[in-house]
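**Student:** What follows is my_file_26.cif, made up of mmCIF, C-alpha atoms:
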```
data_upload
#
loop_
_atom_site.label_atom_id
_atom_site.label_comp_id
_atom_site.auth_asym_id
_atom_site.auth_seq_id
_atom_site.Cartn_x
_atom_site.Cartn_y
_atom_site.Cartn_z
CA MET G 1 19.60 -7.94 2.00
CA ARG G 2 16.90 -6.49 -0.26
CA TYR G 3 14.94 -3.53 1.07
CA LEU G 4 12.07 -1.54 -0.35
CA VAL G 5 11.45 2.03 0.75
CA ILE G 6 8.00 3.49 -0.02
CA GLY G 7 8.08 7.28 -0.19
CA CYS G 8 11.14 9.35 -0.95
CA GLY G 9 10.63 12.46 1.17
CA ARG G 10 13.22 13.52 3.73
CA ALA G 11 12.78 10.42 5.90
CA GLY G 12 12.57 7.99 2.97
CA GLY G 13 15.51 9.55 1.17
CA GLU G 14 17.68 9.44 4.28
CA LEU G 15 16.70 5.84 5.02
CA ALA G 16 17.36 4.67 1.45
CA LYS G 17 20.72 6.41 1.43
CA ARG G 18 21.77 4.73 4.68
CA LEU G 19 20.66 1.27 3.55
CA SER G 20 22.50 1.72 0.28
CA GLN G 21 25.66 2.93 2.04
CA SER G 22 25.55 -0.19 4.23
CA GLY G 23 25.77 -2.29 1.07
CA HIS G 24 22.14 -3.41 0.78
CA GLU G 25 20.09 -3.69 -2.39
CA VAL G 26 17.58 -0.84 -2.15
CA SER G 27 14.57 0.17 -4.25
CA VAL G 28 12.73 3.43 -3.58
CA VAL G 29 9.21 4.17 -4.86
CA ASP G 30 7.62 7.61 -5.15
CA GLN G 31 4.97 9.14 -7.41
CA ARG G 32 6.99 12.30 -7.97
CA ALA G 33 10.20 12.01 -9.94
CA GLU G 34 11.63 15.12 -8.29
CA ALA G 35 11.41 13.38 -4.88
CA PHE G 36 14.44 11.26 -5.86
CA GLU G 37 16.58 14.38 -5.58
CA ASN G 38 16.50 13.70 -1.80
CA LEU G 39 18.72 10.68 -2.46
CA GLY G 40 21.79 12.68 -3.42
CA PRO G 41 24.31 11.81 -6.13
CA ASP G 42 25.90 8.81 -4.37
CA PHE G 43 22.78 6.65 -4.15
CA ARG G 44 23.35 3.35 -5.94
CA GLY G 45 19.94 1.69 -5.54
CA ARG G 46 16.92 1.66 -7.90
CA THR G 47 14.30 4.38 -8.13
CA ILE G 48 10.79 3.53 -9.32
CA GLU G 49 8.42 6.32 -10.23
CA GLY G 50 4.76 5.31 -9.82
CA GLU G 51 1.66 5.10 -7.65
CA VAL G 52 2.54 3.25 -4.46
CA LEU G 53 -0.89 1.61 -4.23
CA ASN G 54 -0.55 0.11 -7.72
CA GLN G 55 0.38 -3.57 -7.50
CA HIS G 56 2.36 -3.50 -10.75
CA VAL G 57 4.50 -0.70 -9.37
CA LEU G 58 5.09 -2.63 -6.14
CA ARG G 59 5.96 -5.82 -8.03
CA ARG G 60 8.28 -3.92 -10.34
CA ALA G 61 10.02 -2.58 -7.24
CA GLY G 62 10.55 -6.18 -6.09
CA ILE G 63 8.13 -6.39 -3.14
CA GLU G 64 7.76 -10.17 -3.60
CA LYS G 65 11.43 -10.79 -2.90
CA ALA G 66 12.07 -8.02 -0.37
CA ASP G 67 13.54 -8.92 3.03
CA GLY G 68 12.11 -5.72 4.48
CA VAL G 69 9.71 -2.92 3.55
CA ALA G 70 9.55 0.55 5.11
CA THR G 71 6.54 2.78 4.37
CA VAL G 72 7.55 6.36 5.04
CA THR G 73 5.31 8.62 2.92
CA ASN G 74 3.64 11.60 4.58
CA SER G 75 0.21 9.93 4.41
CA ASP G 76 -0.62 7.72 7.39
CA SER G 77 -3.29 5.85 5.41
CA VAL G 78 -0.89 5.07 2.58
CA ASN G 79 1.81 3.93 5.01
CA ALA G 80 -0.59 1.65 6.87
CA VAL G 81 -2.23 0.24 3.72
CA VAL G 82 1.01 -0.54 1.88
CA ALA G 83 2.59 -2.01 5.03
CA HIS G 84 -0.44 -4.26 5.62
CA ALA G 85 -0.41 -5.38 1.97
CA ALA G 86 3.34 -6.10 2.18
CA ARG G 87 2.82 -8.27 5.24
CA VAL G 88 -0.42 -10.05 4.39
CA ILE G 89 -0.40 -10.25 0.57
CA PHE G 90 3.34 -10.43 -0.19
CA ASN G 91 4.51 -12.10 3.07
CA VAL G 92 7.41 -9.69 3.55
CA PRO G 93 9.12 -10.84 6.79
CA ASN G 94 9.98 -7.40 8.18
CA VAL G 95 7.71 -4.39 7.72
CA VAL G 96 7.99 -1.01 9.42
CA ALA G 97 5.56 1.88 8.98
CA ARG G 98 5.98 5.53 9.79
CA ASN G 99 3.26 7.34 11.72
CA TYR G 100 3.10 10.97 10.66
CA ASP G 101 0.14 12.46 12.56
CA PRO G 102 0.17 11.30 16.23
CA LYS G 103 -3.68 11.38 16.29
CA ARG G 104 -3.70 8.54 13.79
CA ARG G 105 -1.41 6.22 15.74
CA PRO G 106 -4.33 3.87 16.67
CA LEU G 107 -4.68 3.00 12.98
CA PHE G 108 -1.24 1.35 12.97
CA GLU G 109 -2.04 -0.47 16.18
CA ALA G 110 -5.23 -1.84 14.60
CA PHE G 111 -3.15 -3.27 11.76
CA GLY G 112 -0.66 -4.68 14.30
CA LEU G 113 2.21 -2.96 12.50
CA GLN G 114 5.68 -2.06 13.76
CA VAL G 115 5.39 1.68 13.82
CA ILE G 116 7.70 4.62 14.31
CA SER G 117 5.92 7.83 15.35
CA SER G 118 8.69 10.20 14.38
CA THR G 119 6.78 13.40 15.15
CA GLY G 120 5.63 12.35 18.61
CA TRP G 121 8.96 10.74 19.43
CA GLY G 122 10.93 13.82 18.42
CA ALA G 123 8.64 16.11 20.41
CA GLN G 124 8.99 13.90 23.48
CA ARG G 125 12.79 13.95 23.23
CA ILE G 126 12.91 17.74 22.86
CA GLU G 127 10.55 18.15 25.80
CA GLU G 128 12.84 16.04 27.98
CA LEU G 129 15.90 18.05 27.01
CA LEU G 130 14.09 21.29 27.77
CA TYR G 131 13.23 20.18 31.28
CA HIS G 132 16.40 18.51 32.44
CA GLY G 133 19.89 18.36 31.17
CA GLU G 134 20.85 16.03 34.01
CA ILE G 135 18.82 13.05 32.84
CA ARG G 136 19.65 11.84 29.33
CA THR G 137 17.79 9.23 27.31
CA VAL G 138 20.15 6.55 26.04
CA PHE G 139 17.72 4.01 24.62
CA SER G 140 14.05 3.95 23.62
CA ALA G 141 12.01 0.76 23.61
CA GLY G 142 8.87 0.56 21.47
CA ASN G 143 7.81 4.13 20.77
CA GLY G 144 9.19 5.56 23.97
CA GLU G 145 6.77 3.89 26.41
CA VAL G 146 9.85 2.60 28.27
CA GLU G 147 13.22 4.31 27.97
CA VAL G 148 16.64 3.83 29.50
CA TYR G 149 17.98 7.01 31.10
CA GLU G 150 21.43 7.92 32.29
CA LEU G 151 22.19 10.46 34.98
CA THR G 152 25.26 11.75 36.75
CA ILE G 153 24.76 11.99 40.49
CA PRO G 154 24.86 15.65 41.60
CA ALA G 155 26.55 16.82 44.82
CA ARG G 156 23.21 17.17 46.61
CA TRP G 157 22.59 13.43 46.22
CA LYS G 158 25.94 12.36 47.68
CA ASP G 159 25.58 9.79 50.48
CA ARG G 160 22.04 8.79 49.57
CA ARG G 161 21.17 5.16 48.83
CA LEU G 162 20.68 4.13 45.22
CA GLY G 163 17.44 2.47 46.37
CA ASP G 164 16.04 5.98 47.01
CA MET G 165 15.95 6.51 43.25
CA LEU G 166 13.88 3.42 42.55
CA ARG G 167 10.22 2.55 42.94
CA GLU G 168 7.41 1.20 40.76
CA GLY G 169 8.04 2.36 37.21
CA VAL G 170 11.78 2.89 37.71
CA CYS G 171 14.23 -0.05 37.55
CA GLY G 172 17.96 0.09 38.06
CA VAL G 173 20.04 -0.97 35.05
CA ALA G 174 23.67 -0.23 36.01
CA HIS G 175 25.78 1.78 38.45
CA THR G 176 29.18 3.07 37.31
CA ARG G 177 31.89 4.51 39.55
CA ALA G 178 35.33 5.42 38.29
CA GLY G 179 34.71 3.71 34.99
CA ARG G 180 33.66 0.40 36.53
CA ALA G 181 30.06 -0.75 36.14
CA THR G 182 28.15 -3.08 38.43
CA LEU G 183 24.54 -4.25 38.57
CA PRO G 184 22.72 -1.74 40.75
CA ASP G 185 22.42 -2.84 44.37
CA PRO G 186 19.81 -0.63 46.11
CA ALA G 187 22.04 -0.54 49.18
CA ILE G 188 24.92 1.24 47.37
CA ILE G 189 25.72 4.65 48.87
CA LEU G 190 25.97 7.17 46.03
CA ASP G 191 28.85 9.54 45.47
CA GLN G 192 28.97 12.71 43.40
CA GLY G 193 29.91 11.88 39.79
CA ASP G 194 28.56 8.31 39.88
CA VAL G 195 26.71 7.42 36.68
CA VAL G 196 23.44 5.53 37.09
CA GLN G 197 21.27 4.05 34.35
CA VAL G 198 17.63 3.30 35.02
CA SER G 199 14.85 2.07 32.79
CA ALA G 200 11.58 3.83 33.43
CA THR G 201 8.08 4.50 32.20
CA LEU G 202 6.98 8.07 31.55
CA GLU G 203 5.31 8.25 34.98
CA GLY G 204 8.38 6.71 36.63
CA ILE G 205 10.80 9.23 35.16
CA GLU G 206 8.52 12.15 36.07
CA TRP G 207 8.64 10.97 39.65
CA LEU G 208 12.42 10.60 39.58
CA ARG G 209 12.88 14.05 38.04
CA ALA G 210 10.76 15.65 40.74
CA ARG G 211 12.77 13.76 43.37
CA LEU G 212 16.08 14.93 41.98
CA GLU G 213 15.04 18.59 42.04
CA PRO G 214 17.24 20.72 44.28
CA GLY G 215 15.48 21.34 47.57
CA GLU G 216 13.84 17.91 47.78
CA GLY G 217 14.29 16.67 51.33
CA ILE G 218 16.75 13.86 51.95
CA MET Z 1 -30.73 1.40 9.82
CA GLN Z 2 -27.78 3.34 11.23
CA VAL Z 3 -25.38 4.40 8.50
CA LEU Z 4 -22.01 6.14 8.80
CA ILE Z 5 -20.75 7.90 5.68
CA ALA Z 6 -17.15 9.10 5.43
CA GLY Z 7 -16.62 11.87 2.91
CA GLY Z 8 -19.22 14.45 1.88
CA GLY Z 9 -18.28 14.91 -1.77
CA ARG Z 10 -20.91 14.45 -4.50
CA THR Z 11 -21.22 10.69 -3.85
CA GLY Z 12 -21.35 10.86 -0.05
CA ALA Z 13 -23.76 13.81 0.04
CA GLN Z 14 -26.07 12.24 -2.55
CA LEU Z 15 -26.10 8.98 -0.58
CA ALA Z 16 -26.84 10.81 2.67
CA ALA Z 17 -29.76 12.69 1.10
CA LEU Z 18 -31.15 9.44 -0.34
CA LEU Z 19 -30.93 7.59 3.00
CA VAL Z 20 -32.35 10.48 5.03
CA GLY Z 21 -35.31 10.43 2.64
CA GLN Z 22 -35.84 6.76 3.52
CA ASN Z 23 -35.80 7.58 7.26
CA HIS Z 24 -32.48 5.92 8.02
CA THR Z 25 -30.25 7.32 10.78
CA VAL Z 26 -27.35 8.86 8.92
CA ARG Z 27 -24.09 10.48 10.05
CA LEU Z 28 -21.86 12.02 7.41
CA VAL Z 29 -18.28 12.82 8.48
CA GLU Z 30 -16.46 15.60 6.66
CA HIS Z 31 -13.78 18.14 7.53
CA ARG Z 32 -13.00 20.08 4.33
CA PRO Z 33 -14.39 23.63 4.87
CA ASP Z 34 -15.50 24.22 1.26
CA ILE Z 35 -17.44 20.96 1.18
CA LEU Z 36 -18.92 21.53 4.63
CA SER Z 37 -20.35 24.87 3.56
CA ARG Z 38 -22.03 23.18 0.58
CA ILE Z 39 -23.49 20.19 2.45
CA HIS Z 40 -24.79 22.39 5.26
CA ARG Z 41 -27.11 23.86 2.63
CA GLU Z 42 -28.17 20.43 1.33
CA LEU Z 43 -28.52 18.26 4.44
CA PRO Z 44 -30.08 18.52 7.91
CA THR Z 45 -27.56 19.75 10.50
CA GLU Z 46 -27.86 16.66 12.73
CA VAL Z 47 -26.66 14.48 9.85
CA ILE Z 48 -23.32 16.28 9.52
CA HIS Z 49 -20.48 15.42 11.88
CA GLU Z 50 -17.59 17.81 11.42
CA GLY Z 51 -14.18 16.18 11.70
CA ASP Z 52 -11.58 14.16 9.82
CA ALA Z 53 -12.95 10.65 9.35
CA ALA Z 54 -9.40 9.35 9.05
CA ASP Z 55 -8.85 10.28 12.71
CA PRO Z 56 -9.95 7.20 14.72
CA SER Z 57 -11.33 9.27 17.61
CA VAL Z 58 -13.54 11.26 15.21
CA LEU Z 59 -14.87 8.03 13.70
CA GLU Z 60 -15.81 6.79 17.16
CA ALA Z 61 -17.42 10.09 18.17
CA ALA Z 62 -19.52 9.95 14.98
CA GLY Z 63 -21.04 6.68 16.20
CA ALA Z 64 -18.92 3.98 14.55
CA ARG Z 65 -19.66 1.58 17.41
CA GLU Z 66 -23.41 1.65 16.76
CA ALA Z 67 -23.32 1.87 12.95
CA GLN Z 68 -24.63 -1.08 10.95
CA VAL Z 69 -23.05 0.12 7.72
CA LEU Z 70 -19.98 2.18 6.88
CA ALA Z 71 -19.82 3.78 3.45
CA ALA Z 72 -16.26 5.01 2.82
CA CYS Z 73 -16.70 7.61 0.08
CA THR Z 74 -13.66 9.88 0.51
CA PRO Z 75 -11.60 10.86 -2.56
CA ASP Z 76 -8.53 9.12 -1.06
CA ASP Z 77 -8.37 5.35 -1.67
CA ALA Z 78 -5.87 4.72 1.14
CA ASP Z 79 -8.23 6.54 3.53
CA ASN Z 80 -11.17 4.44 2.34
CA LEU Z 81 -9.20 1.21 2.87
CA SER Z 82 -7.96 2.11 6.32
CA LEU Z 83 -11.43 3.36 7.32
CA CYS Z 84 -12.99 0.01 6.42
CA PHE Z 85 -10.24 -1.94 8.18
CA PHE Z 86 -10.46 0.20 11.30
CA ALA Z 87 -14.27 0.12 11.41
CA ARG Z 88 -14.31 -3.66 11.05
CA SER Z 89 -11.43 -4.53 13.40
CA GLN Z 90 -12.04 -1.96 16.15
CA PHE Z 91 -15.77 -1.19 16.01
CA ARG Z 92 -17.09 -4.46 14.52
CA VAL Z 93 -19.16 -2.62 11.90
CA PRO Z 94 -21.13 -5.45 10.23
CA ARG Z 95 -21.05 -4.13 6.66
CA THR Z 96 -18.50 -1.95 4.89
CA ILE Z 97 -18.81 -0.44 1.43
CA ALA Z 98 -15.95 1.48 -0.17
CA ARG Z 99 -15.61 3.72 -3.17
CA VAL Z 100 -12.66 3.02 -5.47
CA ASN Z 101 -11.42 6.31 -6.94
CA ASN Z 102 -8.44 5.02 -8.89
CA PRO Z 103 -9.02 1.70 -10.74
CA ALA Z 104 -5.32 0.82 -10.22
CA THR Z 105 -5.95 0.43 -6.48
CA ALA Z 106 -9.03 -1.81 -6.88
CA TRP Z 107 -6.94 -4.94 -6.16
CA LEU Z 108 -6.73 -3.94 -2.47
CA PHE Z 109 -10.48 -3.55 -1.91
CA ASN Z 110 -11.37 -6.93 -0.41
CA GLN Z 111 -11.40 -8.78 2.92
CA THR Z 112 -7.68 -8.09 3.43
CA PHE Z 113 -8.85 -4.60 4.36
CA GLY Z 114 -12.28 -5.53 5.72
CA VAL Z 115 -14.06 -4.28 2.59
CA ASP Z 116 -17.31 -6.15 1.91
CA VAL Z 117 -18.31 -4.33 -1.25
CA ALA Z 118 -16.07 -2.23 -3.51
CA LEU Z 119 -17.66 0.15 -5.96
CA ASN Z 120 -15.31 1.07 -8.75
CA GLN Z 121 -16.93 4.06 -10.45
CA ALA Z 122 -14.67 4.08 -13.49
CA GLU Z 123 -15.22 0.36 -14.10
CA ILE Z 124 -19.00 0.50 -13.63
CA LEU Z 125 -19.35 3.44 -15.98
CA SER Z 126 -16.97 2.14 -18.63
CA SER Z 127 -18.61 -1.28 -18.74
CA LEU Z 128 -22.01 0.38 -19.14
CA ILE Z 129 -20.66 2.47 -22.02
CA GLU Z 130 -19.06 -0.56 -23.62
CA GLU Z 131 -22.35 -2.46 -23.36
CA GLU Z 132 -24.27 0.40 -24.92
CA MET Z 133 -21.82 0.46 -27.82
CA SER Z 134 -21.81 -3.25 -28.58
CA LEU Z 135 -25.48 -4.02 -28.13
CA GLY Z 136 -27.02 -1.39 -30.37
CA ASP Z 137 -30.67 -0.72 -29.63
CA MET Z 138 -30.95 -3.11 -26.72
CA MET Z 139 -32.02 -1.23 -23.63
CA THR Z 140 -31.06 -2.31 -20.11
CA LEU Z 141 -34.07 -1.97 -17.79
CA LEU Z 142 -32.56 -3.41 -14.62
CA LYS Z 143 -29.21 -4.65 -13.35
CA ILE Z 144 -29.37 -7.81 -11.26
CA ARG Z 145 -26.62 -9.22 -9.00
CA ARG Z 146 -24.42 -6.11 -9.18
CA GLY Z 147 -24.48 -6.00 -12.95
CA ARG Z 148 -23.74 -9.64 -13.80
CA TYR Z 149 -27.30 -10.19 -15.11
CA SER Z 150 -29.62 -7.70 -16.74
CA LEU Z 151 -33.24 -7.40 -17.68
CA VAL Z 152 -33.13 -6.03 -21.23
CA GLU Z 153 -35.61 -4.87 -23.82
CA GLU Z 154 -35.13 -5.07 -27.58
CA LYS Z 155 -37.49 -3.99 -30.34
CA ILE Z 156 -37.36 -6.34 -33.31
CA PRO Z 157 -36.60 -4.52 -36.58
CA ALA Z 158 -37.55 -5.66 -40.10
CA GLY Z 159 -35.28 -8.39 -41.44
CA ALA Z 160 -33.99 -9.56 -38.01
CA PRO Z 161 -32.72 -13.18 -38.15
CA ALA Z 162 -35.22 -14.40 -35.52
CA LEU Z 163 -38.35 -13.27 -37.40
CA GLY Z 164 -40.74 -16.11 -38.18
CA THR Z 165 -38.87 -18.66 -36.06
CA SER Z 166 -40.49 -20.14 -32.95
CA ILE Z 167 -38.73 -19.78 -29.60
CA LYS Z 168 -37.99 -23.48 -29.28
CA ASP Z 169 -36.10 -23.44 -32.61
CA LEU Z 170 -34.04 -20.34 -31.80
CA THR Z 171 -31.20 -22.20 -29.97
CA LEU Z 172 -30.90 -19.49 -27.34
CA PRO Z 173 -27.86 -19.75 -25.08
CA ASP Z 174 -28.30 -21.08 -21.51
CA ASN Z 175 -28.03 -17.68 -19.85
CA CYS Z 176 -30.78 -16.04 -21.86
CA VAL Z 177 -34.46 -16.37 -21.00
CA ILE Z 178 -37.26 -14.60 -22.86
CA ALA Z 179 -39.49 -13.22 -20.08
CA ALA Z 180 -42.25 -11.50 -22.05
CA ILE Z 181 -43.16 -10.12 -25.47
CA ILE Z 182 -45.01 -6.84 -25.90
CA ARG Z 183 -47.01 -6.94 -29.13
CA LYS Z 184 -49.20 -3.94 -30.08
CA GLY Z 185 -49.32 -2.85 -26.46
CA GLU Z 186 -50.39 -6.29 -25.14
CA ILE Z 187 -48.24 -8.74 -23.17
CA VAL Z 188 -47.74 -12.10 -24.86
CA ILE Z 189 -46.49 -14.81 -22.51
CA PRO Z 190 -43.75 -16.60 -24.43
CA ARG Z 191 -44.22 -20.33 -25.12
CA GLY Z 192 -42.02 -22.70 -27.11
CA VAL Z 193 -44.25 -22.35 -30.16
CA THR Z 194 -44.48 -18.53 -30.05
CA THR Z 195 -42.98 -16.88 -33.12
CA PHE Z 196 -41.68 -13.31 -33.34
CA GLU Z 197 -43.10 -10.52 -35.47
CA GLU Z 198 -41.61 -7.28 -36.67
CA GLY Z 199 -42.15 -4.54 -34.07
CA ASP Z 200 -42.34 -6.94 -31.11
CA GLU Z 201 -40.63 -5.72 -27.95
CA VAL Z 202 -38.80 -8.59 -26.29
CA LEU Z 203 -38.01 -8.59 -22.57
CA ALA Z 204 -35.24 -11.02 -21.56
CA VAL Z 205 -33.02 -11.84 -18.59
CA VAL Z 206 -29.46 -12.24 -19.83
CA ASP Z 207 -25.79 -12.33 -18.83
CA PRO Z 208 -23.22 -10.58 -21.09
CA GLU Z 209 -22.86 -13.56 -23.50
CA GLY Z 210 -26.63 -14.03 -23.61
CA ALA Z 211 -27.04 -10.34 -24.40
CA ALA Z 212 -24.64 -10.58 -27.32
CA GLU Z 213 -26.49 -13.57 -28.80
CA LEU Z 214 -29.84 -11.86 -28.28
CA ALA Z 215 -28.56 -8.78 -30.08
CA ARG Z 216 -27.49 -10.99 -33.01
CA LEU Z 217 -30.87 -12.75 -33.29
CA PHE Z 218 -33.05 -9.67 -32.80
CA GLY Z 219 -30.83 -6.95 -34.24
CA PHE Z 220 -30.64 -5.42 -37.70
CA PRO Z 221 -29.60 -8.01 -40.31
CA SER Z 222 -26.85 -5.75 -41.60
CA ALA Z 223 -25.38 -5.25 -38.14
CA ARG Z 224 -21.92 -6.67 -37.73
CA PRO Z 225 -21.83 -9.69 -35.41
CA PRO Z 226 -20.92 -8.61 -31.90
CA THR Z 227 -17.32 -9.27 -31.03
CA PRO Z 228 -17.03 -12.07 -28.47
CA ALA Z 229 -16.18 -10.89 -24.93
#
```
Would you encode the structure as structure tokens?
**Tutor:**
Amino acid sequence: MRYLVIGCGRAGGELAKRLSQSGHEVSVVDQRAEAFENLGPDFRGRTIEGEVLNQHVLRRAGIEKADGVATVTNSDSVNAVVAHAARVIFNVPNVVARNYDPKRRPLFEAFGLQVISSTGWGAQRIEELLYHGEIRTVFSAGNGEVEVYELTIPARWKDRRLGDMLREGVCGVAHTRAGRATLPDPAIILDQGDVVQVSATLEGIEWLRARLEPGEGI
Amino acid sequence: MQVLIAGGGRTGAQLAALLVGQNHTVRLVEHRPDILSRIHRELPTEVIHEGDAADPSVLEAAGAREAQVLAACTPDDADNLSLCFFARSQFRVPRTIARVNNPATAWLFNQTFGVDVALNQAEILSSLIEEEMSLGDMMTLLKIRRGRYSLVEEKIPAGAPALGTSIKDLTLPDNCVIAAIIRKGEIVIPRGVTTFEEGDEVLAVVDPEGAAELARLFGFPSARPPTPA
């Protein structure tokens, strides 16, 4: 597949390197030649030095024939504008934009773009780890509005029903005991060491965390 | 009229001062401290809204929902494009005008980004300079239709090719109309039989090709023919 990466900072460099290592044809565009140092010596794709809003630069980088474009500069406006142009003017089938400043997220939503808010997402993940080691995120849908969490049942929850962990905003995904997974039946009686996966909204997981706190009445 | 201006640099501040003078309701959004301290000396306080226009919540707080016009005048072309798109798609601003800083990005300033009018400073200025160079003594009095047509004035020198010929025999191009002749301080309404005299000032409405032909007919005889556009 042919991919175009706009912006060769840390995120862009890392992305281009991964795509190239997976055997794809990659072109990276950046205004600053020294940015390509982020690619490392093993990068086998093309580097194009030029203004990313210049159509000749984009065409030279192969935007017309790209299967996917990622805009990952540190300017939200540039990321949104180039991504929109890739989609609407050059009909690129798969376009992903990076949101740098969380305040500017609505801009990407206005353009209807697939967006990764790396700053906000990273902060959210760190926050979760700080609060609770017991509940781990195993999958994020969208930009973290719904996530799948995994938790190991502590001793204080032994003999409670799995249904006690669920309510609006928290859905059971799987229940695993002794290495064997089943779909979660709310009637299951939990045992210490059982592993349960739930998918939940932010409000849902807050509720579940509070419920799992030691000292919560059974 | 309610006007929202993004960016308080020279262009934005000048525009705000002009519109305030015409009693329009103006909000100018700016966040750069050095520029804010300058415009606070030049503009009434209620005109200035401190904040980053590129932040959607700031744009809304500055009154984007009520604005009839957005003028995106920041020094960042990507900001100007996303401002116009956001104002049109989220706040339904009826008219958007954007400044093009870098001519290489001008190709993006159109309806794809909700831009109604793009003003490319470098292009406007360079075409004016080019016109001044190629048309000699012809003076542009007024630009019509964003510069496509002009009202021009030319003083006829001795030996000009058009001297002594009547208007109907001049074979003027289609996009060139003689509007008036000023002769010894008096207006002469041009008719088909009117002939030109040395020292006449000719007023004409022309497009670029018409201007070139007019310069040939009314210019100095020794002048090199204007190069075709």
**Student:** For chain G versus chain Z, which residues have an atom no more than 12 Å away, and what is each residue's nearest atom pair and distance in Å rounded to one decimal, using all atoms listed in the file, chain-then-number order, as a Markdown table?
**Tutor:**
```
| residue | atom | partner | partner_atom | distance |
| --- | --- | --- | --- | --- |
| G:Gly50 | CA | Z:Ala104 | CA | 11.0 |
| G:Glu51 | CA | Z:Ala104 | CA | 8.6 |
| G:Val52 | CA | Z:Thr105 | CA | 9.2 |
| G:Leu53 | CA | Z:Thr105 | CA | 5.7 |
| G:Asn54 | CA | Z:Ala104 | CA | 5.4 |
| G:Gln55 | CA | Z:Thr105 | CA | 7.6 |
| G:His56 | CA | Z:Ala104 | CA | 8.8 |
| G:Val57 | CA | Z:Ala104 | CA | 10.0 |
| G:Leu58 | CA | Z:Thr105 | CA | 11.5 |
| G:Thr73 | CA | Z:Ala78 | CA | 12.0 |
| G:Ser75 | CA | Z:Ala78 | CA | 8.6 |
| G:Asp76 | CA | Z:Asp79 | CA | 8.6 |
| G:Ser77 | CA | Z:Ala78 | CA | 5.1 |
| G:Val78 | CA | Z:Ala78 | CA | 5.2 |
| G:Asn79 | CA | Z:Ala78 | CA | 8.6 |
| G:Ala80 | CA | Z:Ser82 | CA | 7.4 |
| G:Val81 | CA | Z:Ala78 | CA | 6.3 |
| G:Val82 | CA | Z:Ala78 | CA | 8.7 |
| G:Ala83 | CA | Z:Ser82 | CA | 11.4 |
| G:His84 | CA | Z:Thr112 | CA | 8.5 |
| G:Ala85 | CA | Z:Leu108 | CA | 7.9 |
| G:Ala86 | CA | Z:Thr112 | CA | 11.3 |
| G:Arg87 | CA | Z:Thr112 | CA | 10.7 |
| G:Val88 | CA | Z:Thr112 | CA | 7.6 |
| G:Ile89 | CA | Z:Thr112 | CA | 8.1 |
| G:Phe90 | CA | Z:Thr112 | CA | 11.8 |
| G:Asp101 | CA | Z:Asp55 | CA | 9.3 |
| G:Pro102 | CA | Z:Asp55 | CA | 9.7 |
| G:Lys103 | CA | Z:Asp55 | CA | 6.4 |
| G:Arg104 | CA | Z:Asp55 | CA | 5.5 |
| G:Arg105 | CA | Z:Pro56 | CA | 8.7 |
| G:Pro106 | CA | Z:Pro56 | CA | 6.8 |
| G:Leu107 | CA | Z:Phe86 | CA | 6.6 |
| G:Phe108 | CA | Z:Phe86 | CA | 9.4 |
| G:Glu109 | CA | Z:Phe86 | CA | 9.8 |
| G:Ala110 | CA | Z:Phe86 | CA | 6.5 |
| G:Phe111 | CA | Z:Phe85 | CA | 8.1 |
| G:Gly112 | CA | Z:Ser89 | CA | 10.8 |
```
**Student:** Hey, which of G:Leu39, G:Val173, G:Ala11, G:Ile6 ends up closest to G:Thr71? Count only C-alpha atoms.
**Tutor:**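 Among G:Leu39, G:Val173, G:Ala11, G:Ile6, it is G:Ile6 that comes nearest to G:Thr71.
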**Student:** Tell me, in Å to one decimal, how far atom CA of Z:Gln68 is from atom CA of Z:Ala122.
**Tutor:**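 Between these atoms lies a distance of 26.9 Å.
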**Student:** Which residue is closest to Z:Gly114? Choose from Z:Ser126, Z:Asn101, Z:Thr45, Z:Thr96 and count all atoms listed in the file.
**Tutor:**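 Looking at the shortest contact to Z:Gly114, the residue is Z:Thr96.
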**Student:** Run the PyMOL selection byres ((chain Z and resi 158) around 10) against the file shown and list the residues it catches, as a PyMOL selection string.
**Tutor:** chain Z and resi 155-157+159-161+163+197-199+218-221
**Student:** Just the number, please: distance in Å from atom CA of G:Arg10 to atom CA of G:Lys65, one decimal.
**Tutor:**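 If I compute the distance from atom CA of G:Arg10 to atom CA of G:Lys65, I get 25.3 Å.
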**Student:** Please evaluate the PyMOL selection byres ((chain Z and resi 203) around 12) against the structure above and give the resulting residues as a PyMOL selection string.
**Tutor:** chain Z and resi 138-142+150-156+176-183+187-190+200-202+204-206+211+214+218
**Student:** Could you tell me how far atom CA of G:Ala181 lies from atom CA of G:Ile126, in Å and to one decimal?
**Tutor:**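 Going from atom CA of G:Ala181 over to atom CA of G:Ile126 covers 28.5 Å.
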**Student:** Kindly indicate which residue among G:Glu206, G:Arg44, G:Glu14, G:Gly62 lies nearest to G:Val29, using only C-alpha atoms for the distances.
**Tutor:** G:Gly62
**Student:** Taking the file as shown, what set of residues would the PyMOL selection byres ((chain Z and resi 173) around 9) give back, as a list in words?
**Tutor:** Thr171, Leu172, Asp174, Asn175, Cys176, Val177, Glu209, Gly210, Glu213 and Leu214 of chain Z
**Student:** Starting from the point (9.8, -1.7, 38.5), work out which residues of protein, DNA or RNA have an atom no more than 12 Å away when counting only C-alpha atoms; state them as a PyMOL selection string.
**Tutor:** chain G and resi 146+163+165-173+198-201+203-205
